[in-house]
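Asks: For reference, the file query.cif (mmCIF, C-alpha atoms) is included below:
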```
data_model
#
loop_
_atom_site.label_atom_id
_atom_site.label_comp_id
_atom_site.auth_asym_id
_atom_site.auth_seq_id
_atom_site.Cartn_x
_atom_site.Cartn_y
_atom_site.Cartn_z
CA MET A 1 0.00 0.00 0.00
CA GLN A 2 1.33 3.42 -0.95
CA THR A 3 1.52 5.88 1.94
CA PHE A 4 2.02 9.64 2.23
CA PHE A 5 3.30 10.37 5.72
CA SER A 6 5.15 13.59 6.46
CA LEU A 7 8.76 13.46 7.62
CA ARG A 8 7.61 15.07 10.85
CA ALA A 9 5.15 12.26 11.46
CA LEU A 10 7.71 9.58 10.64
CA ALA A 11 10.07 11.01 13.26
CA ASP A 12 7.74 9.43 15.83
CA PRO A 13 8.81 5.77 16.26
CA ASP A 14 5.19 4.62 16.70
CA MET A 15 4.14 6.38 13.51
CA ALA A 16 7.10 4.94 11.62
CA GLU A 17 6.05 1.47 12.77
CA THR A 18 2.47 2.13 11.67
CA GLU A 19 3.61 3.31 8.24
CA LYS A 20 5.66 0.13 7.83
CA ILE A 21 2.63 -2.02 8.71
CA LEU A 22 0.40 -0.11 6.27
CA ARG A 23 2.88 -0.59 3.45
CA ALA A 24 2.66 -4.36 3.88
CA CYS A 25 -1.06 -4.39 2.99
CA VAL A 26 -1.80 -5.32 -0.64
CA HIS A 27 -5.58 -4.64 -0.54
CA CYS A 28 -6.38 -8.32 -1.24
CA GLY A 29 -9.33 -8.49 1.17
CA PHE A 30 -8.72 -12.08 2.25
CA CYS A 31 -8.97 -10.75 5.83
CA ASN A 32 -12.63 -9.82 5.40
CA ALA A 33 -13.60 -13.45 4.87
CA THR A 34 -12.66 -14.34 8.46
CA CYS A 35 -13.49 -11.06 10.22
CA PRO A 36 -16.42 -11.56 12.63
CA THR A 37 -17.82 -8.04 12.33
CA TYR A 38 -17.61 -8.06 8.53
CA LEU A 39 -19.51 -11.37 8.55
CA LEU A 40 -22.21 -9.71 10.65
CA THR A 41 -22.63 -6.43 8.76
CA GLY A 42 -21.14 -6.90 5.28
CA ASP A 43 -19.81 -3.35 5.62
CA GLU A 44 -16.30 -2.89 4.19
CA LEU A 45 -15.49 -0.50 7.02
CA ASP A 46 -16.31 -3.22 9.55
CA GLY A 47 -13.59 -5.42 8.08
CA PRO A 48 -9.81 -5.17 8.49
CA ARG A 49 -9.21 -3.71 5.03
CA GLY A 50 -11.70 -0.92 5.59
CA ARG A 51 -10.33 -0.18 9.03
CA ILE A 52 -6.84 -0.01 7.55
CA TYR A 53 -8.01 2.68 5.11
CA LEU A 54 -9.60 4.66 7.95
CA ILE A 55 -6.45 4.43 10.09
CA LYS A 56 -4.21 5.35 7.14
CA GLU A 57 -6.27 8.41 6.28
CA MET A 58 -6.41 9.56 9.92
CA PHE A 59 -2.66 9.30 10.44
CA GLU A 60 -1.60 10.63 7.03
CA LYS A 61 -3.62 13.78 7.58
CA GLU A 62 -2.36 14.03 11.17
CA ARG A 63 -5.85 14.81 12.35
CA PRO A 64 -7.85 13.97 15.46
CA ALA A 65 -10.10 10.93 15.28
CA ASP A 66 -13.68 11.60 14.18
CA ALA A 67 -16.92 9.81 15.09
CA HIS A 68 -17.03 7.88 11.79
CA THR A 69 -13.56 6.41 12.30
CA VAL A 70 -14.13 5.74 16.00
CA ARG A 71 -17.36 3.82 15.31
CA HIS A 72 -15.66 1.27 13.07
CA ILE A 73 -12.47 0.96 15.13
CA ASP A 74 -14.54 0.43 18.28
CA ARG A 75 -16.38 -2.40 16.54
CA CYS A 76 -13.12 -4.30 16.03
CA LEU A 77 -12.79 -7.20 18.47
CA SER A 78 -9.00 -7.43 18.17
CA CYS A 79 -9.59 -11.16 17.63
CA LEU A 80 -6.63 -11.10 15.19
CA SER A 81 -8.25 -13.62 12.84
CA CYS A 82 -7.19 -11.26 10.05
CA MET A 83 -3.54 -11.79 10.99
CA THR A 84 -3.92 -15.55 10.60
CA THR A 85 -5.56 -15.07 7.20
CA CYS A 86 -3.33 -12.29 5.81
CA PRO A 87 -0.86 -13.57 3.18
CA SER A 88 1.27 -10.41 3.48
CA GLY A 89 1.97 -10.47 7.22
CA VAL A 90 0.18 -7.22 8.08
CA HIS A 91 0.52 -6.80 11.87
CA PHE A 92 -3.00 -5.56 12.47
CA MET A 93 -2.70 -5.87 16.26
CA HIS A 94 -0.04 -3.17 16.53
CA LEU A 95 -1.85 -1.05 13.94
CA VAL A 96 -5.21 -1.02 15.69
CA ASP A 97 -3.54 -0.57 19.11
CA HIS A 98 -1.87 2.61 17.81
CA ALA A 99 -5.19 3.81 16.38
CA ARG A 100 -6.94 3.25 19.70
CA ALA A 101 -4.28 5.16 21.58
CA HIS A 102 -4.71 8.07 19.13
CA ILE A 103 -8.49 7.93 19.56
CA GLU A 104 -8.15 8.02 23.33
CA LYS A 105 -5.96 11.14 23.10
CA THR A 106 -7.85 13.08 20.42
CA TYR A 107 -11.54 12.09 20.46
CA ALA A 108 -14.04 13.45 22.98
CA ARG A 109 -16.48 10.64 23.74
CA PRO A 110 -19.86 11.32 25.41
CA PHE A 111 -19.54 11.50 29.19
CA ALA A 112 -21.41 8.24 29.90
CA GLU A 113 -19.19 6.36 27.47
CA ARG A 114 -16.01 7.85 28.95
CA ALA A 115 -17.18 6.92 32.43
CA MET A 116 -17.99 3.35 31.42
CA ARG A 117 -14.60 2.82 29.76
CA ALA A 118 -12.69 4.40 32.63
CA GLY A 119 -14.66 2.32 35.13
CA LEU A 120 -13.94 -0.93 33.31
CA ALA A 121 -10.21 -0.16 33.08
CA PHE A 122 -10.06 0.72 36.78
CA VAL A 123 -12.34 -1.90 38.34
CA LEU A 124 -11.53 -5.05 36.37
CA THR A 125 -7.77 -4.68 36.83
CA ARG A 126 -8.05 -4.42 40.63
CA PRO A 127 -9.44 -7.57 42.32
CA ALA A 128 -10.04 -5.82 45.65
CA VAL A 129 -12.34 -3.36 43.88
CA ALA A 130 -13.86 -5.80 41.39
CA ARG A 131 -15.01 -8.39 43.94
CA PRO A 132 -17.52 -6.21 45.89
CA LEU A 133 -18.71 -4.42 42.75
CA LEU A 134 -19.34 -7.70 40.91
CA ARG A 135 -21.31 -8.93 43.92
CA LEU A 136 -23.37 -5.76 43.76
CA ALA A 137 -23.87 -6.26 40.00
CA ALA A 138 -25.11 -9.79 40.62
CA ALA A 139 -27.66 -8.48 43.12
CA LEU A 140 -28.87 -5.93 40.56
CA ARG A 141 -29.26 -8.44 37.72
CA PRO A 142 -33.07 -8.67 38.10
CA LEU A 143 -33.23 -4.95 37.30
CA SER A 144 -31.17 -5.25 34.12
CA ARG A 145 -34.26 -5.18 31.88
CA PHE A 146 -34.88 -1.59 32.98
CA ALA A 147 -31.27 -0.47 32.36
CA PRO A 148 -29.78 0.97 29.14
CA ARG A 149 -28.51 -1.75 26.80
CA ARG A 150 -24.83 -1.35 27.66
CA ASP A 151 -25.48 -1.34 31.42
CA ALA A 152 -27.81 -4.31 31.03
CA ALA A 153 -25.09 -6.24 29.19
CA ALA A 154 -22.64 -5.59 32.02
CA LEU A 155 -25.16 -6.76 34.63
CA ALA A 156 -26.04 -9.87 32.63
CA LEU A 157 -22.40 -10.96 32.56
CA ALA A 158 -22.00 -10.68 36.34
CA PRO A 159 -21.94 -14.22 37.80
CA SER A 160 -24.74 -15.13 40.19
CA ARG A 161 -22.13 -16.08 42.79
CA LEU A 162 -18.42 -15.46 43.26
CA PRO A 163 -15.96 -17.82 44.90
CA PRO A 164 -14.11 -16.57 47.97
CA ALA A 165 -10.62 -15.23 47.39
CA SER A 166 -8.12 -18.06 46.98
CA SER A 167 -5.03 -18.45 49.11
CA VAL A 168 -2.99 -19.38 46.01
CA ASP A 169 -3.28 -15.86 44.61
CA THR A 170 -1.05 -14.25 47.23
CA PRO A 171 2.74 -14.01 46.72
CA GLN A 172 4.39 -17.32 47.61
CA VAL A 173 6.30 -20.31 46.25
CA PHE A 174 4.78 -23.73 45.54
CA ALA A 175 7.36 -26.49 45.67
CA ALA A 176 7.65 -29.05 42.88
CA GLN A 177 6.66 -32.61 43.71
CA GLY A 178 9.63 -34.94 43.26
CA ALA A 179 12.70 -33.78 41.36
CA ARG A 180 12.40 -30.16 40.26
CA LYS A 181 12.44 -29.82 36.47
CA MET A 182 12.15 -26.04 36.32
CA ARG A 183 11.10 -22.91 38.17
CA VAL A 184 8.40 -20.66 36.72
CA ALA A 185 6.39 -17.59 37.67
CA LEU A 186 2.63 -17.83 37.23
CA LEU A 187 0.75 -14.71 36.16
CA ASN A 188 -2.21 -15.00 38.51
CA GLY A 189 -3.90 -12.05 36.79
CA CYS A 190 -6.62 -9.68 37.91
CA VAL A 191 -10.31 -10.30 37.22
CA GLN A 192 -9.73 -14.07 36.80
CA THR A 193 -8.80 -14.24 40.50
CA VAL A 194 -12.28 -12.91 41.24
CA LEU A 195 -14.42 -14.73 38.69
CA ASP A 196 -12.92 -18.22 38.80
CA THR A 197 -10.29 -19.10 41.40
CA SER A 198 -10.29 -22.76 40.36
CA ILE A 199 -8.19 -21.97 37.26
CA ASN A 200 -5.08 -20.85 39.13
CA GLU A 201 -5.56 -23.57 41.74
CA ALA A 202 -5.73 -26.26 39.05
CA THR A 203 -2.74 -24.76 37.24
CA ILE A 204 -0.55 -24.85 40.35
CA ARG A 205 -1.56 -28.42 41.24
CA LEU A 206 -0.94 -29.54 37.65
CA LEU A 207 2.47 -27.91 37.34
CA THR A 208 3.83 -28.89 40.75
CA ARG A 209 2.66 -32.47 40.16
CA HIS A 210 4.80 -32.44 37.00
CA GLY A 211 7.94 -31.28 38.79
CA VAL A 212 7.60 -27.53 38.31
CA GLU A 213 8.24 -25.05 41.12
CA VAL A 214 5.69 -22.25 40.81
CA VAL A 215 6.23 -18.69 42.05
CA VAL A 216 3.47 -16.12 42.48
CA ALA A 217 5.66 -13.02 42.46
CA LYS A 218 5.05 -10.09 44.79
CA GLY A 219 3.98 -7.03 42.80
CA ALA A 220 2.76 -8.90 39.72
CA GLY A 221 -0.90 -8.70 38.69
CA CYS A 222 -2.86 -7.37 35.73
CA CYS A 223 -1.02 -7.86 32.43
CA GLY A 224 -2.28 -4.51 31.09
CA ALA A 225 -4.34 -5.92 28.20
CA LEU A 226 -7.71 -4.52 29.30
CA PRO A 227 -6.66 -0.84 29.46
CA HIS A 228 -4.39 -1.33 26.42
CA HIS A 229 -7.32 -2.36 24.22
CA LEU A 230 -9.25 0.65 25.48
CA GLY A 231 -6.46 2.93 24.21
CA LYS A 232 -5.31 3.74 27.75
CA VAL A 233 -1.64 3.17 26.99
CA ASP A 234 -0.13 4.85 30.05
CA GLU A 235 -2.26 2.78 32.40
CA SER A 236 -1.47 -0.38 30.44
CA LEU A 237 2.26 0.31 30.62
CA ARG A 238 2.06 0.84 34.39
CA HIS A 239 0.63 -2.65 34.84
CA ALA A 240 3.14 -4.18 32.43
CA ARG A 241 6.05 -2.37 34.09
CA ALA A 242 5.01 -3.69 37.51
CA ASN A 243 5.02 -7.25 36.16
CA ILE A 244 8.40 -6.85 34.47
CA GLU A 245 9.92 -5.49 37.67
CA ALA A 246 8.34 -8.22 39.83
CA TRP A 247 9.51 -11.04 37.58
CA SER A 248 12.93 -9.48 37.13
CA ARG A 249 13.40 -9.58 40.90
CA GLU A 250 12.62 -13.30 40.82
CA ILE A 251 15.00 -13.82 37.89
CA ASP A 252 17.76 -12.02 39.75
CA SER A 253 17.18 -13.83 43.05
CA GLY A 254 16.21 -17.42 42.28
CA GLY A 255 16.06 -17.58 38.50
CA LEU A 256 13.03 -18.30 36.30
CA ASP A 257 12.84 -20.66 33.35
CA HIS A 258 9.49 -19.32 32.14
CA ILE A 259 6.59 -16.97 32.80
CA VAL A 260 3.46 -19.14 32.64
CA VAL A 261 0.10 -17.67 31.67
CA ASN A 262 -3.24 -19.51 31.78
CA ALA A 263 -5.39 -16.71 30.32
CA SER A 264 -4.58 -16.50 26.62
CA GLY A 265 -5.59 -12.84 26.33
CA CYS A 266 -2.98 -12.05 28.98
CA GLY A 267 -0.44 -14.33 27.30
CA THR A 268 -0.71 -12.45 24.03
CA SER A 269 -0.06 -9.22 25.90
CA VAL A 270 2.91 -10.51 27.93
CA LYS A 271 4.50 -11.91 24.78
CA ASP A 272 4.24 -8.39 23.34
CA TYR A 273 6.02 -6.62 26.23
CA GLY A 274 9.23 -6.51 24.19
CA HIS A 275 7.43 -4.47 21.53
CA MET A 276 5.61 -2.28 24.02
CA PHE A 277 8.87 -1.20 25.71
CA ARG A 278 11.12 -1.28 22.63
CA ASN A 279 11.79 2.47 22.88
CA ASP A 280 12.37 2.50 26.64
CA PRO A 281 16.13 2.26 27.25
CA THR A 282 15.61 1.37 30.91
CA LEU A 283 13.30 -1.60 30.31
CA ALA A 284 13.71 -2.70 26.69
CA ASP A 285 16.08 -5.59 27.39
CA ARG A 286 14.18 -6.81 30.45
CA ALA A 287 10.84 -6.61 28.63
CA ALA A 288 12.20 -8.46 25.62
CA HIS A 289 13.54 -11.22 27.88
CA ILE A 290 10.23 -11.54 29.72
CA SER A 291 8.42 -11.88 26.38
CA SER A 292 10.92 -14.48 25.18
CA ILE A 293 10.33 -16.77 28.17
CA ALA A 294 6.54 -16.34 28.41
CA LYS A 295 4.52 -19.46 27.64
CA ASP A 296 0.90 -20.49 27.68
CA VAL A 297 0.38 -23.26 30.22
CA THR A 298 -0.37 -25.77 27.43
CA GLU A 299 2.92 -24.91 25.71
CA LEU A 300 4.78 -25.65 28.93
CA LEU A 301 2.99 -28.96 29.52
CA GLN A 302 3.89 -30.07 26.01
CA GLU A 303 7.51 -29.15 26.75
CA ILE A 304 7.83 -31.01 30.06
CA GLY A 305 5.63 -33.97 29.13
CA PHE A 306 2.05 -34.38 30.41
CA ALA A 307 1.52 -37.54 32.49
CA PRO A 308 -2.17 -38.47 32.88
CA SER A 309 -3.20 -40.96 35.54
CA GLY A 310 -6.21 -42.27 33.63
CA ASP A 311 -8.65 -41.38 36.42
CA ALA A 312 -10.88 -39.00 34.42
CA PRO A 313 -13.93 -40.52 32.68
CA LYS A 314 -14.21 -40.62 28.91
CA LEU A 315 -16.12 -37.41 28.24
CA ARG A 316 -16.97 -35.85 24.89
CA VAL A 317 -15.21 -32.49 25.03
CA ALA A 318 -15.70 -29.62 22.60
CA TYR A 319 -12.59 -27.47 22.55
CA HIS A 320 -13.07 -23.74 22.01
CA SER A 321 -9.88 -22.21 20.67
CA ALA A 322 -9.72 -18.67 22.07
CA CYS A 323 -8.82 -16.05 19.47
CA SER A 324 -5.92 -14.78 21.56
CA LEU A 325 -4.51 -18.32 21.63
CA GLN A 326 -5.02 -19.47 18.04
CA HIS A 327 -4.57 -16.09 16.32
CA GLY A 328 -2.61 -14.04 18.85
CA GLN A 329 -0.12 -16.74 19.90
CA LYS A 330 -0.53 -19.24 17.03
CA ILE A 331 -1.26 -22.05 19.50
CA SER A 332 -3.96 -24.42 18.28
CA GLN A 333 -2.75 -28.02 18.41
CA GLU A 334 -1.16 -28.19 21.87
CA PRO A 335 -4.38 -27.97 23.95
CA VAL A 336 -6.17 -30.53 21.75
CA ALA A 337 -3.22 -32.94 21.91
CA LEU A 338 -3.10 -32.66 25.71
CA LEU A 339 -6.83 -33.25 26.12
CA ARG A 340 -6.63 -36.32 23.90
CA ALA A 341 -3.61 -37.57 25.83
CA ALA A 342 -5.81 -37.29 28.93
CA GLY A 343 -8.15 -39.83 27.34
CA LEU A 344 -10.90 -37.36 26.46
CA ASP A 345 -12.89 -37.52 23.22
CA VAL A 346 -12.15 -34.09 21.73
CA VAL A 347 -14.37 -32.71 18.99
CA ALA A 348 -13.83 -29.53 17.00
CA VAL A 349 -16.32 -26.66 17.12
CA PRO A 350 -17.53 -25.68 13.63
CA ASP A 351 -16.30 -22.24 12.52
CA GLY A 352 -13.89 -22.37 15.44
CA HIS A 353 -11.83 -19.51 14.01
CA ILE A 354 -14.68 -17.03 14.61
CA CYS A 355 -14.72 -15.09 17.91
CA CYS A 356 -17.28 -15.81 20.66
CA GLY A 357 -17.77 -12.07 21.21
CA SER A 358 -16.03 -11.72 24.57
CA ALA A 359 -12.83 -9.92 23.52
CA GLY A 360 -11.96 -8.36 26.87
CA THR A 361 -14.55 -5.66 27.51
CA TYR A 362 -16.12 -5.89 24.03
CA ASN A 363 -19.17 -7.79 25.30
CA VAL A 364 -19.95 -4.83 27.56
CA LEU A 365 -19.10 -2.01 25.15
CA GLN A 366 -20.56 -3.61 22.00
CA PRO A 367 -23.36 -5.81 23.38
CA LYS A 368 -25.29 -6.13 20.09
CA PHE A 369 -22.40 -7.58 18.10
CA ALA A 370 -21.16 -9.60 21.06
CA GLY A 371 -24.61 -11.12 21.53
CA GLU A 372 -24.89 -12.09 17.87
CA LEU A 373 -21.45 -13.71 17.94
CA LEU A 374 -22.30 -15.55 21.16
CA THR A 375 -25.49 -16.95 19.62
CA ARG A 376 -23.54 -18.12 16.58
CA LYS A 377 -20.86 -19.70 18.79
CA VAL A 378 -23.35 -21.52 21.04
CA ILE A 379 -25.24 -22.95 18.04
CA ASN A 380 -21.97 -24.33 16.69
CA ILE A 381 -20.95 -25.76 20.07
CA GLU A 382 -24.30 -27.42 20.71
CA SER A 383 -24.32 -28.89 17.19
CA VAL A 384 -21.56 -31.35 18.21
CA ALA A 385 -23.42 -32.38 21.41
CA PRO A 386 -20.50 -32.28 23.86
CA ASP A 387 -20.63 -33.24 27.52
CA ILE A 388 -18.42 -30.29 28.34
CA LEU A 389 -16.64 -27.36 26.69
CA ALA A 390 -12.98 -26.56 27.38
CA ALA A 391 -11.35 -23.20 26.71
CA GLY A 392 -8.10 -21.47 27.62
CA ASN A 393 -9.27 -17.92 28.36
CA ILE A 394 -11.39 -16.59 31.22
CA GLY A 395 -13.18 -14.07 28.99
CA CYS A 396 -14.39 -16.79 26.61
CA ILE A 397 -15.40 -18.98 29.54
CA VAL A 398 -17.58 -16.28 31.11
CA GLN A 399 -19.07 -15.28 27.75
CA ILE A 400 -19.98 -18.80 26.62
CA ARG A 401 -21.29 -19.80 30.06
CA SER A 402 -23.82 -16.98 29.75
CA GLY A 403 -25.34 -18.56 26.62
CA THR A 404 -25.47 -22.32 27.21
CA GLU A 405 -26.26 -24.96 29.84
CA ILE A 406 -23.26 -27.04 28.74
CA PRO A 407 -20.59 -26.94 31.50
CA VAL A 408 -17.65 -24.73 30.50
CA VAL A 409 -14.26 -25.19 32.17
CA HIS A 410 -10.67 -24.17 31.61
CA THR A 411 -8.47 -26.69 29.81
CA VAL A 412 -6.16 -26.97 32.85
CA GLU A 413 -9.05 -28.10 35.06
CA LEU A 414 -9.57 -31.16 32.87
CA LEU A 415 -5.84 -31.86 32.64
CA ASP A 416 -5.52 -31.52 36.42
CA TRP A 417 -8.43 -33.95 36.92
CA ALA A 418 -6.95 -36.41 34.44
CA SER A 419 -3.63 -36.43 36.31
CA GLY A 420 -4.88 -36.91 39.85
CA GLY A 421 -6.62 -33.63 40.72
CA PRO A 422 -10.21 -33.06 41.81
CA LYS A 423 -13.24 -33.15 39.55
CA PRO A 424 -13.96 -29.63 38.14
CA ALA A 425 -16.66 -27.89 40.16
CA ALA A 426 -18.62 -27.12 36.97
CA LEU A 427 -19.23 -30.88 36.56
CA ALA A 428 -20.48 -31.39 40.12
#
```
How does the structure come out when it is put into structure tokens?
Replies:
Amino acid sequence: MQTFFSLRALADPDMAETEKILRACVHCGFCNATCPTYLLTGDELDGPRGRIYLIKEMFEKERPADAHTVRHIDRCLSCLSCMTTCPSGVHFMHLVDHARAHIEKTYARPFAERAMRAGLAFVLTRPAVARPLLRLAAALRPLSRFAPRRDAAALALAPSRLPPASSVDTPQVFAAQGARKMRVALLNGCVQTVLDTSINEATIRLLTRHGVEVVVAKGAGCCGALPHHLGKVDESLRHARANIEAWSREIDSGGLDHIVVNASGCGTSVKDYGHMFRNDPTLADRAAHISSIAKDVTELLQEIGFAPSGDAPKLRVAYHSACSLQHGQKISQEPVALLRAAGLDVVAVPDGHICCGSAGTYNVLQPKFAGELLTRKVINIESVAPDILAAGNIGCIVQIRSGTEIPVVHTVELLDWASGGPKPAALA
């Protein structure tokens, strides 16, 4: 794609990176065929190619974002299916992230919208704040039919009950069982520690049982993805910087072989820390190293060798491949191979490359599109008649649970069960 950026604009490293990404696009439109929002609307501007034109025009003219551009950028899920499809290697993730940061700086949203976005970025990244507010939201669910659509969507997603805070989510070290194979830090995350404590608990049991010492580092928490996708770059970098510093202390003191992440949306973000801090001379090397040793939990289990005990029953499991795992991290076969090694009958979900509509805070901010994508996803899941659905991302789990009676659990819960752990609570 031909571009016309001024020399002044190109002096900004972020703008130079954006111009490089734009030049890689050859207008082929293959991306539209797998874009969820384009499939819903048929509007060119709701597909990656159309969004690329809008972003290009906005940055070339060095102008503030306008309502027309914002509408179509906001509708993007950042599912990154377009990056899997693109034959030219256009890095749409970095492109749309830059556009969102520019929108946040230059576009004046209506007050209610600004308040909602700021509230989501603040509350969901802080478990101590999220827990009481989510309990309040659950109590208010019966009133959701009287609330505006966006508020109603937020209330509908609040779980009817929350588990108590788990002891595993405080800073500590979990010793490996038997000979220690490696030492890792687990990103325990933010809102996941409120919504579903069983995921981290199962992860720690599973890893320690396989000879892995697990550290929950003091000072680590939210990966920064939620505010980052809202264009709140400074807030996102604060969270990321805290993680880098916390894990660097562990590297310097006891050493770490890997950073393990069990929420694929967070994993995609952590693996991008090297890019996020590439222009920061004080953190660039540390951030790049953190990204280089970050692994999804299923990647690590494949590396060390999963050892099932054969205790889990032969269930028919539909595997939902989270967008951030299959498109963001290019991990698709490892979870399926592990579930099959556990003795489970794994079936593919039709149109599995299409997003479920969760996408971080998308199901709150874009409830219409998110609801349509959820309906489509649930129809495809139920068409294969599974006993249970497994997924590797808390956002997908919460979203899909809201639309089906089929039990939905994290992949590690099934792997933990199959190697000597307890039966997942969702199957009780």
Asks: The PyMOL selection byres ((chain A and resi 364) around 8) - which residues does that actually catch in the file I just gave you? List them as a list of chain:residue names.
Replies: A:Arg150, A:Asp151, A:Ala153, A:Ala154, A:Thr361, A:Tyr362, A:Asn363, A:Leu365, A:Gln366, A:Pro367
Asks: Once the PyMOL selection byres ((chain A and resi 70-87) around 9) has been evaluated on this model, what residues remain selected, and can you format them as a ChimeraX atom specification?
Replies: /A:25,28-37,45-48,50-51,54-55,65-69,88-93,96-97,99-100,103,107,229-230,322-324,326-328,330,353-355,357-360,362,365-366,369
Asks: Compare A:Ala217, A:Ala284, A:Thr193, A:Glu19 by their minimum atom-to-atom distance to A:Ser253, counting only C-alpha atoms, and give me the closest one.
Replies: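 Of the candidates, the smallest distance to A:Ser253 is held by A:Ala217.
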Asks: Could you tell me how far atom CA of A:Gly267 sits from atom CA of A:Gly343, in Å to one decimal place?
Replies: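 Calculated distance between atom CA of A:Gly343 and atom CA of A:Gly267 is 26.6 Å.
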Asks: What's the separation between atom CA of A:Ala202 and atom CA of A:Asp416, in Å to one decimal place?
Replies: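 Those two atoms sit 5.9 Å apart.
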Asks: Report as an mmCIF file with C-alpha atoms, in the frame of the given file the residues that result from applying the PyMOL selection byres ((chain A and resi 385) around 10) to the structure here.
Replies:
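Written out: part.cif:
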```
data_model
loop_
_atom_site.group_PDB
_atom_site.id
_atom_site.type_symbol
_atom_site.label_atom_id
_atom_site.label_comp_id
_atom_site.auth_asym_id
_atom_site.auth_seq_id
_atom_site.Cartn_x
_atom_site.Cartn_y
_atom_site.Cartn_z
ATOM 1 C CA ARG A 316 -16.970 -35.850 24.890
ATOM 2 C CA VAL A 317 -15.210 -32.490 25.030
ATOM 3 C CA ALA A 318 -15.700 -29.620 22.600
ATOM 4 C CA VAL A 347 -14.370 -32.710 18.990
ATOM 5 C CA ASN A 380 -21.970 -24.330 16.690
ATOM 6 C CA ILE A 381 -20.950 -25.760 20.070
ATOM 7 C CA GLU A 382 -24.300 -27.420 20.710
ATOM 8 C CA SER A 383 -24.320 -28.890 17.190
ATOM 9 C CA VAL A 384 -21.560 -31.350 18.210
ATOM 10 C CA PRO A 386 -20.500 -32.280 23.860
ATOM 11 C CA ASP A 387 -20.630 -33.240 27.520
ATOM 12 C CA ILE A 388 -18.420 -30.290 28.340
ATOM 13 C CA LEU A 389 -16.640 -27.360 26.690
ATOM 14 C CA ILE A 406 -23.260 -27.040 28.740
#
```
